[in-house]
file upload_25.txt (compact mmCIF, C-alpha atoms)
# COMPACT_ATOMS: atom_id res chain seq x y z
CA MET Z 1 -6.86 -37.33 -1.24
CA THR Z 2 -8.11 -34.19 0.43
CA ALA Z 3 -11.60 -33.51 1.69
CA LYS Z 4 -14.25 -32.56 -0.84
CA ILE Z 5 -16.25 -29.36 -1.15
CA PRO Z 6 -18.46 -28.20 -4.04
CA SER Z 7 -17.04 -26.28 -6.99
CA VAL Z 8 -16.53 -22.52 -6.72
CA LEU Z 9 -19.57 -21.74 -8.85
CA THR Z 10 -21.75 -24.15 -6.90
CA MET Z 11 -20.75 -22.60 -3.59
CA ILE Z 12 -21.33 -19.07 -4.86
CA SER Z 13 -24.71 -20.10 -6.27
CA GLU Z 14 -25.81 -21.69 -2.98
CA LEU Z 15 -24.70 -18.69 -0.91
CA ILE Z 16 -26.44 -16.20 -3.22
CA ALA Z 17 -29.65 -18.25 -3.05
CA ILE Z 18 -29.92 -17.78 0.73
CA PRO Z 19 -31.39 -14.35 1.63
CA SER Z 20 -29.47 -12.66 4.45
CA VAL Z 21 -30.31 -8.97 4.25
CA SER Z 22 -29.32 -6.87 7.23
CA CYS Z 23 -30.99 -3.50 7.65
CA VAL Z 24 -31.61 -0.93 10.36
CA ASN Z 25 -35.26 -1.13 9.27
CA GLN Z 26 -36.48 -4.19 11.17
CA ALA Z 27 -39.13 -4.89 8.56
CA GLN Z 28 -36.36 -5.72 6.06
CA ASP Z 29 -33.84 -7.27 8.45
CA GLN Z 30 -33.21 -11.03 8.11
CA SER Z 31 -31.30 -13.77 9.90
CA ASN Z 32 -27.95 -14.94 8.55
CA GLN Z 33 -28.17 -18.35 10.27
CA ALA Z 34 -28.67 -20.40 7.10
CA VAL Z 35 -25.60 -18.87 5.43
CA ILE Z 36 -23.48 -19.50 8.53
CA GLU Z 37 -24.63 -23.12 8.73
CA ARG Z 38 -23.88 -23.73 5.04
CA LEU Z 39 -20.37 -22.32 5.45
CA ALA Z 40 -19.87 -24.34 8.65
CA ASN Z 41 -20.79 -27.56 6.82
CA TRP Z 42 -18.22 -26.92 4.11
CA CYS Z 43 -15.60 -26.03 6.70
CA ASN Z 44 -16.37 -29.26 8.57
CA ASP Z 45 -15.88 -31.18 5.34
CA LEU Z 46 -12.37 -29.71 5.11
CA GLY Z 47 -11.48 -30.69 8.67
CA PHE Z 48 -11.90 -27.28 10.29
CA ASN Z 49 -13.05 -27.04 13.90
CA THR Z 50 -16.15 -24.85 13.68
CA ASP Z 51 -17.77 -22.60 16.27
CA ILE Z 52 -21.13 -21.01 15.49
CA LEU Z 53 -21.46 -18.07 17.88
CA PRO Z 54 -24.79 -16.31 18.51
CA VAL Z 55 -24.46 -12.54 18.53
CA PRO Z 56 -25.61 -11.37 21.99
CA ASN Z 57 -28.84 -9.35 22.02
CA HIS Z 58 -29.35 -9.88 18.27
CA PRO Z 59 -31.68 -12.87 17.78
CA GLY Z 60 -31.11 -14.75 14.54
CA LYS Z 61 -27.62 -13.34 14.06
CA PHE Z 62 -24.51 -15.52 14.17
CA ASN Z 63 -20.75 -15.46 13.61
CA LEU Z 64 -18.69 -18.41 12.41
CA VAL Z 65 -15.11 -19.08 13.53
CA ALA Z 66 -13.67 -22.10 11.71
CA THR Z 67 -10.10 -23.08 12.55
CA LEU Z 68 -7.71 -25.41 10.78
CA GLY Z 69 -4.68 -26.14 12.96
CA SER Z 70 -3.68 -24.54 16.23
CA GLY Z 71 -1.32 -21.99 17.71
CA ASP Z 72 -1.18 -18.29 18.48
CA GLY Z 73 -0.28 -16.93 15.06
CA GLY Z 74 -1.71 -17.71 11.68
CA LEU Z 75 -4.04 -16.07 9.21
CA VAL Z 76 -7.71 -15.10 9.25
CA LEU Z 77 -9.69 -14.92 6.00
CA ALA Z 78 -12.72 -12.86 6.92
CA GLY Z 79 -15.95 -11.62 5.45
CA HIS Z 80 -19.54 -10.73 6.25
CA THR Z 81 -22.47 -12.95 5.39
CA ASP Z 82 -25.12 -10.24 5.09
CA THR Z 83 -26.14 -8.13 2.12
CA VAL Z 84 -27.86 -4.80 1.78
CA PRO Z 85 -31.54 -4.62 0.76
CA TYR Z 86 -32.24 -4.62 -2.96
CA ASP Z 87 -34.49 -2.79 -5.42
CA ALA Z 88 -36.49 -5.68 -6.84
CA GLY Z 89 -37.94 -3.68 -9.73
CA ARG Z 90 -34.52 -2.50 -10.92
CA TRP Z 91 -32.84 -5.88 -11.28
CA GLN Z 92 -32.71 -7.47 -14.73
CA ASN Z 93 -31.84 -10.79 -13.04
CA ASP Z 94 -33.15 -12.60 -9.98
CA PRO Z 95 -31.03 -11.28 -7.07
CA PHE Z 96 -31.10 -14.73 -5.42
CA ARG Z 97 -30.19 -16.78 -8.45
CA LEU Z 98 -26.64 -16.80 -9.75
CA THR Z 99 -26.72 -15.75 -13.40
CA GLU Z 100 -23.70 -16.11 -15.70
CA ALA Z 101 -23.60 -13.72 -18.67
CA ASP Z 102 -21.02 -11.58 -20.45
CA ASN Z 103 -18.19 -13.19 -18.44
CA ARG Z 104 -19.83 -12.02 -15.23
CA LEU Z 105 -21.65 -13.61 -12.33
CA TYR Z 106 -24.75 -11.66 -11.32
CA GLY Z 107 -26.48 -11.90 -7.95
CA LEU Z 108 -26.95 -10.12 -4.65
CA GLY Z 109 -23.70 -10.50 -2.74
CA THR Z 110 -21.48 -11.60 -5.61
CA ALA Z 111 -19.12 -8.65 -5.22
CA ASP Z 112 -20.05 -7.65 -1.67
CA MET Z 113 -19.12 -10.25 -0.61
CA LYS Z 114 -20.42 -13.82 -0.44
CA ALA Z 115 -18.32 -15.00 -3.39
CA PHE Z 116 -15.17 -14.43 -1.34
CA PHE Z 117 -16.06 -17.31 0.97
CA ALA Z 118 -16.17 -19.75 -1.95
CA LEU Z 119 -12.75 -18.58 -3.09
CA ALA Z 120 -11.30 -18.74 0.42
CA LEU Z 121 -12.55 -22.29 0.95
CA THR Z 122 -11.23 -23.36 -2.44
CA ALA Z 123 -7.82 -21.92 -1.56
CA ALA Z 124 -7.94 -23.65 1.83
CA ALA Z 125 -8.87 -27.09 0.48
CA PRO Z 126 -5.35 -28.24 -0.48
CA PHE Z 127 -4.18 -27.47 3.06
CA SER Z 128 -6.88 -29.62 4.66
CA PRO Z 129 -5.89 -32.70 6.71
CA LEU Z 130 -6.32 -35.93 4.82
CA LEU Z 131 -9.59 -37.77 5.21
CA SER Z 132 -7.67 -40.41 7.15
CA LYS Z 133 -7.59 -40.04 10.91
CA ALA Z 134 -3.94 -39.01 10.93
CA PRO Z 135 -3.23 -36.49 13.69
CA PHE Z 136 -2.91 -32.85 12.74
CA PRO Z 137 -0.70 -31.51 11.23
CA SER Z 138 -1.03 -33.81 8.25
CA PRO Z 139 0.93 -33.99 5.00
CA LEU Z 140 -0.69 -31.84 2.38
CA SER Z 141 -2.15 -33.11 -0.85
CA LYS Z 142 -0.13 -33.82 -3.95
CA GLY Z 143 1.77 -30.72 -5.01
CA ASN Z 144 2.42 -29.73 -1.40
CA LYS Z 145 3.87 -33.04 -0.27
CA GLY Z 146 5.99 -32.84 2.86
CA GLU Z 147 4.66 -29.43 3.93
CA PHE Z 148 2.74 -28.88 7.16
CA LEU Z 149 0.32 -26.25 8.39
CA ARG Z 150 2.40 -24.82 11.20
CA GLN Z 151 0.13 -21.89 12.07
CA PRO Z 152 -3.68 -21.88 12.11
CA LEU Z 153 -5.87 -20.87 9.22
CA ILE Z 154 -9.16 -19.32 10.32
CA ILE Z 155 -12.26 -18.68 8.22
CA LEU Z 156 -14.28 -15.92 9.87
CA ALA Z 157 -17.84 -15.11 8.80
CA THR Z 158 -19.75 -12.32 10.53
CA ALA Z 159 -23.23 -10.83 10.85
CA ASP Z 160 -24.61 -7.34 10.26
CA GLU Z 161 -21.61 -5.61 8.69
CA GLU Z 162 -24.02 -3.72 6.43
CA SER Z 163 -26.02 -2.32 9.35
CA THR Z 164 -24.84 -2.31 12.96
CA MET Z 165 -21.48 -4.14 12.90
CA SER Z 166 -22.94 -6.21 15.74
CA GLY Z 167 -21.08 -9.34 14.64
CA ALA Z 168 -17.65 -7.70 14.65
CA ARG Z 169 -18.36 -5.89 17.92
CA ALA Z 170 -19.34 -9.18 19.55
CA LEU Z 171 -16.04 -10.73 18.50
CA VAL Z 172 -14.08 -7.87 20.06
CA ALA Z 173 -16.10 -8.16 23.27
CA ALA Z 174 -15.34 -11.89 23.39
CA GLY Z 175 -11.68 -11.45 22.47
CA HIS Z 176 -12.04 -14.07 19.76
CA PRO Z 177 -10.57 -15.15 17.35
CA LYS Z 178 -6.84 -14.71 17.94
CA ALA Z 179 -4.40 -14.64 15.04
CA ARG Z 180 -1.48 -12.58 13.78
CA TYR Z 181 -2.73 -11.49 10.37
CA ALA Z 182 -6.09 -10.98 8.67
CA VAL Z 183 -7.44 -10.45 5.17
CA ILE Z 184 -10.97 -9.11 4.70
CA GLY Z 185 -12.36 -9.95 1.27
CA GLU Z 186 -14.38 -6.79 0.65
CA PRO Z 187 -14.43 -5.61 -2.99
CA THR Z 188 -11.12 -3.89 -3.77
CA GLY Z 189 -10.52 -5.02 -7.35
CA LEU Z 190 -7.70 -7.39 -6.31
CA ARG Z 191 -5.70 -4.45 -4.92
CA PRO Z 192 -4.64 -4.44 -1.26
CA VAL Z 193 -6.02 -1.71 0.99
CA ARG Z 194 -4.34 -0.75 4.26
CA MET Z 195 -6.31 2.36 5.20
CA HIS Z 196 -9.90 3.49 5.21
CA LYS Z 197 -11.90 6.31 6.71
CA GLY Z 198 -14.23 5.92 9.65
CA ILE Z 199 -17.85 6.99 9.84
CA PHE Z 200 -20.41 8.07 12.39
CA MET Z 201 -23.92 9.45 11.93
CA GLU Z 202 -25.69 11.85 14.25
CA ALA Z 203 -29.10 13.51 14.48
CA ILE Z 204 -29.47 16.99 15.98
CA ARG Z 205 -33.00 17.69 17.16
CA LEU Z 206 -34.18 21.14 18.22
CA ARG Z 207 -37.43 21.91 20.00
CA GLY Z 208 -38.82 25.42 20.16
CA GLN Z 209 -42.34 26.79 20.40
CA SER Z 210 -45.04 26.89 17.74
CA GLY Z 211 -47.18 29.94 17.18
CA HIS Z 212 -48.92 32.04 14.55
CA SER Z 213 -46.46 33.15 11.90
CA SER Z 214 -47.86 36.70 11.91
CA ASP Z 215 -46.19 37.37 15.27
CA PRO Z 216 -42.69 35.87 15.76
CA SER Z 217 -42.84 36.70 19.47
CA LEU Z 218 -45.49 34.00 19.94
CA GLY Z 219 -43.00 31.17 19.34
CA ASN Z 220 -39.39 30.11 19.05
CA ASN Z 221 -38.43 28.90 15.58
CA ALA Z 222 -36.48 25.62 15.64
CA LEU Z 223 -35.88 25.83 11.89
CA GLU Z 224 -34.05 29.12 12.30
CA GLY Z 225 -32.00 27.46 15.04
CA ILE Z 226 -31.02 24.68 12.63
CA TYR Z 227 -29.96 27.38 10.16
CA GLN Z 228 -27.47 28.62 12.75
CA VAL Z 229 -26.33 25.06 13.44
CA ILE Z 230 -25.71 24.40 9.74
CA GLY Z 231 -23.59 27.53 9.48
CA GLU Z 232 -21.50 26.43 12.47
CA LEU Z 233 -21.08 22.89 11.10
CA LEU Z 234 -19.91 24.14 7.72
CA LYS Z 235 -17.42 26.41 9.46
CA TRP Z 236 -16.15 23.45 11.51
CA ARG Z 237 -15.92 21.26 8.41
CA LYS Z 238 -13.74 23.84 6.73
CA GLN Z 239 -11.45 23.91 9.76
CA LEU Z 240 -11.22 20.10 9.90
CA GLN Z 241 -10.34 19.89 6.22
CA ALA Z 242 -7.68 22.57 6.60
CA THR Z 243 -5.93 20.73 9.43
CA HIS Z 244 -6.41 17.04 8.52
CA VAL Z 245 -5.10 15.97 5.12
CA ASN Z 246 -3.94 12.55 3.92
CA PRO Z 247 -2.92 12.55 0.24
CA LEU Z 248 -3.12 8.75 0.03
CA PHE Z 249 -6.92 9.06 -0.10
CA HIS Z 250 -8.69 10.00 -3.32
CA ILE Z 251 -10.62 12.52 -1.20
CA PRO Z 252 -7.73 13.48 1.10
CA VAL Z 253 -9.73 15.23 3.81
CA PRO Z 254 -12.44 14.24 6.30
CA THR Z 255 -15.92 14.75 4.91
CA MET Z 256 -19.14 15.86 6.53
CA ASN Z 257 -22.43 15.38 4.72
CA LEU Z 258 -25.64 17.10 5.81
CA GLY Z 259 -27.95 14.43 4.50
CA HIS Z 260 -31.42 14.91 5.94
CA LEU Z 261 -33.41 17.90 7.19
CA HIS Z 262 -37.00 17.99 8.41
CA GLY Z 263 -38.88 20.60 10.35
CA GLY Z 264 -42.27 22.20 10.75
CA ASP Z 265 -45.60 21.34 9.20
CA ASN Z 266 -47.10 24.46 7.62
CA PRO Z 267 -45.74 27.78 6.30
CA ASN Z 268 -48.07 29.84 8.53
CA ARG Z 269 -46.92 28.18 11.76
CA ILE Z 270 -43.70 28.89 13.61
CA CYS Z 271 -41.62 25.73 13.41
CA ALA Z 272 -41.51 24.04 16.80
CA ASP Z 273 -39.42 20.94 15.92
CA CYS Z 274 -36.59 20.46 13.48
CA GLU Z 275 -34.08 17.66 12.91
CA LEU Z 276 -30.82 17.58 10.98
CA GLN Z 277 -29.00 14.30 10.22
CA LEU Z 278 -25.37 14.16 9.16
CA ASP Z 279 -22.50 11.79 8.66
CA LEU Z 280 -18.85 12.50 9.32
CA ARG Z 281 -16.02 10.38 7.86
CA PRO Z 282 -12.75 10.93 9.74
CA LEU Z 283 -9.28 10.05 8.54
CA PRO Z 284 -7.05 7.59 10.39
CA GLY Z 285 -5.76 9.24 13.53
CA MET Z 286 -8.95 11.20 14.20
CA ASP Z 287 -10.84 9.95 17.25
CA MET Z 288 -14.58 9.50 16.75
CA GLU Z 289 -15.59 10.16 20.34
CA GLU Z 290 -13.57 13.37 20.43
CA LEU Z 291 -15.23 14.47 17.20
CA ARG Z 292 -18.67 13.73 18.63
CA ALA Z 293 -17.84 15.75 21.73
CA VAL Z 294 -16.64 18.73 19.67
CA LEU Z 295 -19.74 18.51 17.45
CA ARG Z 296 -22.03 18.74 20.46
CA GLN Z 297 -20.04 21.49 22.09
CA ARG Z 298 -20.11 23.68 19.00
CA VAL Z 299 -23.86 23.20 18.51
CA GLN Z 300 -24.56 24.07 22.14
CA GLN Z 301 -22.36 27.16 21.95
CA VAL Z 302 -23.94 28.54 18.79
CA LEU Z 303 -27.43 28.11 20.28
CA GLU Z 304 -26.57 29.45 23.73
CA GLY Z 305 -29.28 31.83 24.89
CA SER Z 306 -31.69 30.80 22.10
CA GLY Z 307 -34.11 29.04 24.43
CA LEU Z 308 -34.20 26.03 22.12
CA GLU Z 309 -33.99 22.53 23.57
CA ILE Z 310 -31.23 20.42 22.02
CA GLU Z 311 -31.12 16.64 21.70
CA PHE Z 312 -28.27 14.67 20.13
CA VAL Z 313 -29.12 11.19 18.86
CA PRO Z 314 -26.35 8.86 17.60
CA LEU Z 315 -27.81 7.10 14.55
CA SER Z 316 -25.09 4.45 14.77
CA GLU Z 317 -22.22 3.62 17.08
CA GLY Z 318 -19.91 4.38 14.22
CA THR Z 319 -16.94 2.58 12.74
CA PRO Z 320 -13.42 3.83 13.42
CA ALA Z 321 -10.94 4.62 10.70
CA MET Z 322 -8.32 1.95 10.00
CA GLU Z 323 -4.63 2.08 9.20
CA THR Z 324 -2.13 -0.76 8.93
CA SER Z 325 1.50 0.28 8.56
CA ALA Z 326 3.04 -0.08 5.13
CA GLN Z 327 5.96 -1.82 6.85
CA THR Z 328 3.93 -4.77 8.19
CA GLU Z 329 4.53 -8.17 6.68
CA ILE Z 330 0.93 -8.67 5.55
CA VAL Z 331 1.00 -5.43 3.53
CA GLN Z 332 4.35 -6.18 1.92
CA VAL Z 333 3.44 -9.76 1.02
CA ALA Z 334 0.10 -8.67 -0.45
CA GLU Z 335 1.80 -5.97 -2.50
CA ARG Z 336 4.27 -8.49 -3.87
CA LEU Z 337 1.58 -11.03 -4.75
CA THR Z 338 -0.82 -8.54 -6.38
CA LYS Z 339 1.86 -6.26 -7.85
CA HIS Z 340 -0.04 -3.25 -6.50
CA THR Z 341 0.91 -0.79 -3.78
CA ALA Z 342 -1.51 -0.90 -0.86
CA SER Z 343 -3.93 2.00 -1.05
CA ALA Z 344 -6.63 3.83 0.91
CA VAL Z 345 -10.41 3.86 0.42
CA ALA Z 346 -13.29 5.95 1.70
CA PHE Z 347 -15.66 3.10 2.58
CA GLY Z 348 -15.61 1.34 5.95
CA THR Z 349 -15.06 -2.32 6.81
CA GLU Z 350 -14.68 -4.59 9.84
CA ALA Z 351 -10.91 -4.09 9.76
CA PRO Z 352 -10.77 -1.83 12.85
CA TYR Z 353 -12.35 -4.60 14.92
CA LEU Z 354 -9.88 -7.25 13.77
CA THR Z 355 -7.10 -4.76 14.45
CA ALA Z 356 -8.50 -4.36 17.96
CA LEU Z 357 -8.14 -8.14 18.35
CA GLY Z 358 -4.42 -7.78 17.69
CA MET Z 359 -4.19 -8.61 13.99
CA ASP Z 360 -2.36 -6.76 11.24
CA THR Z 361 -5.22 -6.42 8.78
CA ILE Z 362 -5.64 -5.61 5.12
CA VAL Z 363 -8.69 -5.48 2.86
CA LEU Z 364 -8.31 -7.44 -0.37
CA GLY Z 365 -11.11 -8.90 -2.45
CA PRO Z 366 -11.98 -9.77 -6.05
CA GLY Z 367 -15.06 -7.59 -6.53
CA ASP Z 368 -15.31 -3.89 -7.34
CA ILE Z 369 -16.82 -1.38 -4.92
CA ALA Z 370 -18.64 0.23 -7.87
CA GLN Z 371 -20.78 -2.92 -8.05
CA ALA Z 372 -21.60 -3.01 -4.35
CA HIS Z 373 -25.13 -1.98 -3.32
CA GLN Z 374 -26.19 -1.70 -6.97
CA PRO Z 375 -28.96 -3.37 -8.98
CA ASP Z 376 -27.56 -6.28 -11.02
CA GLU Z 377 -24.52 -6.57 -8.79
CA PHE Z 378 -21.85 -8.74 -10.40
CA ILE Z 379 -18.33 -10.07 -10.15
CA ALA Z 380 -16.16 -10.67 -13.20
CA LEU Z 381 -15.36 -14.31 -13.88
CA ASN Z 382 -11.72 -13.50 -14.61
CA ARG Z 383 -11.27 -12.31 -11.01
CA LEU Z 384 -11.98 -15.69 -9.41
CA GLN Z 385 -8.86 -17.72 -10.15
CA PRO Z 386 -6.42 -14.84 -9.50
CA MET Z 387 -8.03 -14.34 -6.08
CA ILE Z 388 -7.73 -18.05 -5.31
CA ASP Z 389 -4.07 -17.93 -6.33
CA VAL Z 390 -3.34 -14.94 -4.08
CA LEU Z 391 -5.14 -16.54 -1.13
CA THR Z 392 -3.27 -19.80 -1.67
CA GLN Z 393 0.04 -17.97 -1.52
CA LEU Z 394 -1.03 -16.01 1.57
CA ILE Z 395 -1.94 -19.26 3.34
CA ARG Z 396 1.36 -20.80 2.33
CA HIS Z 397 3.32 -17.80 3.57
CA PHE Z 398 1.58 -17.18 6.89
CA CYS Z 399 0.51 -20.70 7.86
CA LEU Z 400 3.37 -22.82 6.55
CA GLY Z 401 6.30 -20.43 6.92
call {"tool": "encode", "arguments": {"input": "upload_25.txt", "output": "structure tokens"}}
result
Amino acid sequence: MTAKIPSVLTMISELIAIPSVSCVNQAQDQSNQAVIERLANWCNDLGFNTDILPVPNHPGKFNLVATLGSGDGGLVLAGHTDTVPYDAGRWQNDPFRLTEADNRLYGLGTADMKAFFALALTAAAPFSPLLSKAPFPSPLSKGNKGEFLRQPLIILATADEESTMSGARALVAAGHPKARYAVIGEPTGLRPVRMHKGIFMEAIRLRGQSGHSSDPSLGNNALEGIYQVIGELLKWRKQLQATHVNPLFHIPVPTMNLGHLHGGDNPNRICADCELQLDLRPLPGMDMEELRAVLRQRVQQVLEGSGLEIEFVPLSEGTPAMETSAQTEIVQVAERLTKHTASAVAFGTEAPYLTALGMDTIVLGPGDIAQAHQPDEFIALNRLQPMIDVLTQLIRHFCLG
């Protein structure tokens, strides 16, 4: 017989019950250690070799790399252990208690994306070594008799995907784990995704001189400077969208959102300080650092001679866009198993970091992105077994073939 782990619903329930919010606001940020340790225990029960890796310079944050088998190829099943904060007063159910109703499972992280780990472990269980001390590789359980795990299967669980991506960045810095293919179980509605946009966020801060509003010569108005900056940014956005188009995306152009503006303190004072915050979501093939450099250059040029001081503050390191070729084996196998053509999405994932580690990566999960980050987040019950079936076939193809 194979090693034992709890049922799917039990595992989902236990994972949901462990708070692991990550947030750029330190007052709301939490450790993910308890989730990582729970996953590591289940992986140990299946015969995986587990490594719990502290994330450097982020106390209380950990990654898990659990490996079944050995070799240079194989398959990674990956996800993040953190959730976003929640609006307690807007939930009809307890966010930390799995609630089954209307053929749905409600709870914080059901869709995005703790439930995926329970499905991945359930799919992995039949490929576990026997509980006997037979050397690996071992014969598989009944139904797979005579087959051997010839390439490693890796369960990867990360920290802080919802905030800083510190977990994924730490893995790239360490050059670990190594595999040939990867599936990230973010919510895609059981449809494979091979492309997504990137994102970076920037603050532009201008400092002028305050003074009495009755005489403009007494000051230098930072708010008027921001007005010029906004005009230049909208002009640049129009140019970017005219020259960068990818029809595979629902919104086929890069987007720029001017999301926050604050300046001044009173209508009868010349505004001395003003800040604009924006996000820019580039398409695959657009380099984030080049875009940041152009952004700063254009702002400096439009304000040349204004006398205003300019400060640029990256609000995040940013996440690159991701693209995996439609011709790669992982894309073609996933399309065959799901009966859906791999698509493109606007939201970001950890896929660029796994790609940087040398893996052909897709995003494929049972939840729906419309449920992510919402009160009463849920996953449909009828998505669970189909996801397990797809993962089982992916393991068979990439680890047994």
call {"tool": "atom_distance", "arguments": {"input": "upload_25.txt", "atom1": "CA of Ala351 in chain Z", "atom2": "CA of Arg296 in chain Z"}}
result
27.6 Å
call {"tool": "closest_residue", "arguments": {"input": "upload_25.txt", "among": "Z:Thr164, Z:Pro252, Z:Asn246, Z:Glu309", "to": "Ala222 in chain Z", "atoms": "all atoms listed in the file"}}
result
Z:Glu309
call {"tool": "closest_residue", "arguments": {"input": "upload_25.txt", "among": "Z:Met288, Z:Leu384, Z:Leu303, Z:Leu223", "to": "Asp265 in chain Z", "atoms": "all atoms listed in the file"}}
result
Z:Leu223
call {"tool": "residues_around", "arguments": {"input": "upload_25.txt", "residues": "Gln228 in chain Z", "least_positions_apart": "5", "cutoff": "12 Å", "atoms": "all atoms listed in the file", "output": "PyMOL selection string"}}
result
chain Z and resi 206+221-223+233-235+276+298-304+306+308
call {"tool": "residues_around", "arguments": {"input": "upload_25.txt", "residues": "Leu280 in chain Z", "least_positions_apart": "6", "cutoff": "10 Å", "atoms": "all atoms listed in the file", "output": "ChimeraX atom specification"}}
result
/Z:197-202,237,254-258,288,291-292,318
call {"tool": "residues_near_point", "arguments": {"input": "upload_25.txt", "point": "(-10.9, 8.5, 10.0)", "cutoff": "6 Å", "atoms": "only C-alpha atoms", "output": "list in words"}}
result
Lys197, Gly198, Arg281, Pro282, Leu283, Pro284, Met286 and Ala321 of chain Z
call {"tool": "closest_residue", "arguments": {"input": "upload_25.txt", "among": "Z:Val294, Z:Ala159, Z:Leu121, Z:Ala88", "to": "Gln30 in chain Z", "atoms": "all atoms listed in the file"}}
result
Z:Ala159
call {"tool": "decode", "arguments": {"input": "upload_25.txt", "residues": "range 98-113 of chain Z", "atoms": "N, CA and C atoms", "output": "PDB file, in the first residue's frame"}}
result
ATOM      1  N   LEU Z  98     -13.367  26.271   6.512  1.00  0.00           N
ATOM      2  CA  LEU Z  98     -13.884  25.789   5.235  1.00  0.00           C
ATOM      3  C   LEU Z  98     -15.376  25.524   5.363  1.00  0.00           C
ATOM      4  N   THR Z  99     -16.151  26.161   4.484  1.00  0.00           N
ATOM      5  CA  THR Z  99     -17.608  26.030   4.515  1.00  0.00           C
ATOM      6  C   THR Z  99     -18.074  25.473   3.180  1.00  0.00           C
ATOM      7  N   GLU Z 100     -18.820  24.366   3.224  1.00  0.00           N
ATOM      8  CA  GLU Z 100     -19.361  23.757   2.012  1.00  0.00           C
ATOM      9  C   GLU Z 100     -20.823  24.136   1.870  1.00  0.00           C
ATOM     10  N   ALA Z 101     -21.168  24.763   0.743  1.00  0.00           N
ATOM     11  CA  ALA Z 101     -22.556  25.152   0.471  1.00  0.00           C
ATOM     12  C   ALA Z 101     -22.715  25.390  -1.023  1.00  0.00           C
ATOM     13  N   ASP Z 102     -23.858  25.033  -1.551  1.00  0.00           N
ATOM     14  CA  ASP Z 102     -24.174  25.285  -2.961  1.00  0.00           C
ATOM     15  C   ASP Z 102     -23.116  24.712  -3.904  1.00  0.00           C
ATOM     16  N   ASN Z 103     -22.601  23.523  -3.553  1.00  0.00           N
ATOM     17  CA  ASN Z 103     -21.575  22.858  -4.372  1.00  0.00           C
ATOM     18  C   ASN Z 103     -20.307  23.696  -4.508  1.00  0.00           C
ATOM     19  N   ARG Z 104     -20.037  24.451  -3.452  1.00  0.00           N
ATOM     20  CA  ARG Z 104     -18.825  25.275  -3.411  1.00  0.00           C
ATOM     21  C   ARG Z 104     -18.130  25.092  -2.069  1.00  0.00           C
ATOM     22  N   LEU Z 105     -16.830  25.363  -2.070  1.00  0.00           N
ATOM     23  CA  LEU Z 105     -16.049  25.411  -0.840  1.00  0.00           C
ATOM     24  C   LEU Z 105     -15.619  26.860  -0.619  1.00  0.00           C
ATOM     25  N   TYR Z 106     -16.087  27.447   0.493  1.00  0.00           N
ATOM     26  CA  TYR Z 106     -15.775  28.834   0.806  1.00  0.00           C
ATOM     27  C   TYR Z 106     -14.631  28.903   1.817  1.00  0.00           C
ATOM     28  N   GLY Z 107     -13.783  29.909   1.656  1.00  0.00           N
ATOM     29  CA  GLY Z 107     -12.704  30.137   2.601  1.00  0.00           C
ATOM     30  C   GLY Z 107     -11.584  30.934   1.952  1.00  0.00           C
ATOM     31  N   LEU Z 108     -10.835  31.647   2.766  1.00  0.00           N
ATOM     32  CA  LEU Z 108      -9.754  32.488   2.264  1.00  0.00           C
ATOM     33  C   LEU Z 108      -8.619  31.605   1.747  1.00  0.00           C
ATOM     34  N   GLY Z 109      -8.381  31.669   0.443  1.00  0.00           N
ATOM     35  CA  GLY Z 109      -7.344  30.856  -0.160  1.00  0.00           C
ATOM     36  C   GLY Z 109      -7.857  29.622  -0.868  1.00  0.00           C
ATOM     37  N   THR Z 110      -9.165  29.432  -0.934  1.00  0.00           N
ATOM     38  CA  THR Z 110      -9.689  28.256  -1.628  1.00  0.00           C
ATOM     39  C   THR Z 110      -9.354  28.308  -3.106  1.00  0.00           C
ATOM     40  N   ALA Z 111      -9.626  29.437  -3.751  1.00  0.00           N
ATOM     41  CA  ALA Z 111      -9.314  29.585  -5.174  1.00  0.00           C
ATOM     42  C   ALA Z 111      -7.869  30.028  -5.377  1.00  0.00           C
ATOM     43  N   ASP Z 112      -7.401  30.902  -4.514  1.00  0.00           N
ATOM     44  CA  ASP Z 112      -6.101  31.555  -4.693  1.00  0.00           C
ATOM     45  C   ASP Z 112      -5.261  31.421  -3.413  1.00  0.00           C
ATOM     46  N   MET Z 113      -4.520  30.292  -3.214  1.00  0.00           N
ATOM     47  CA  MET Z 113      -4.595  29.101  -4.028  1.00  0.00           C
ATOM     48  C   MET Z 113      -4.209  27.873  -3.212  1.00  0.00           C
TER      49      MET Z 113
END
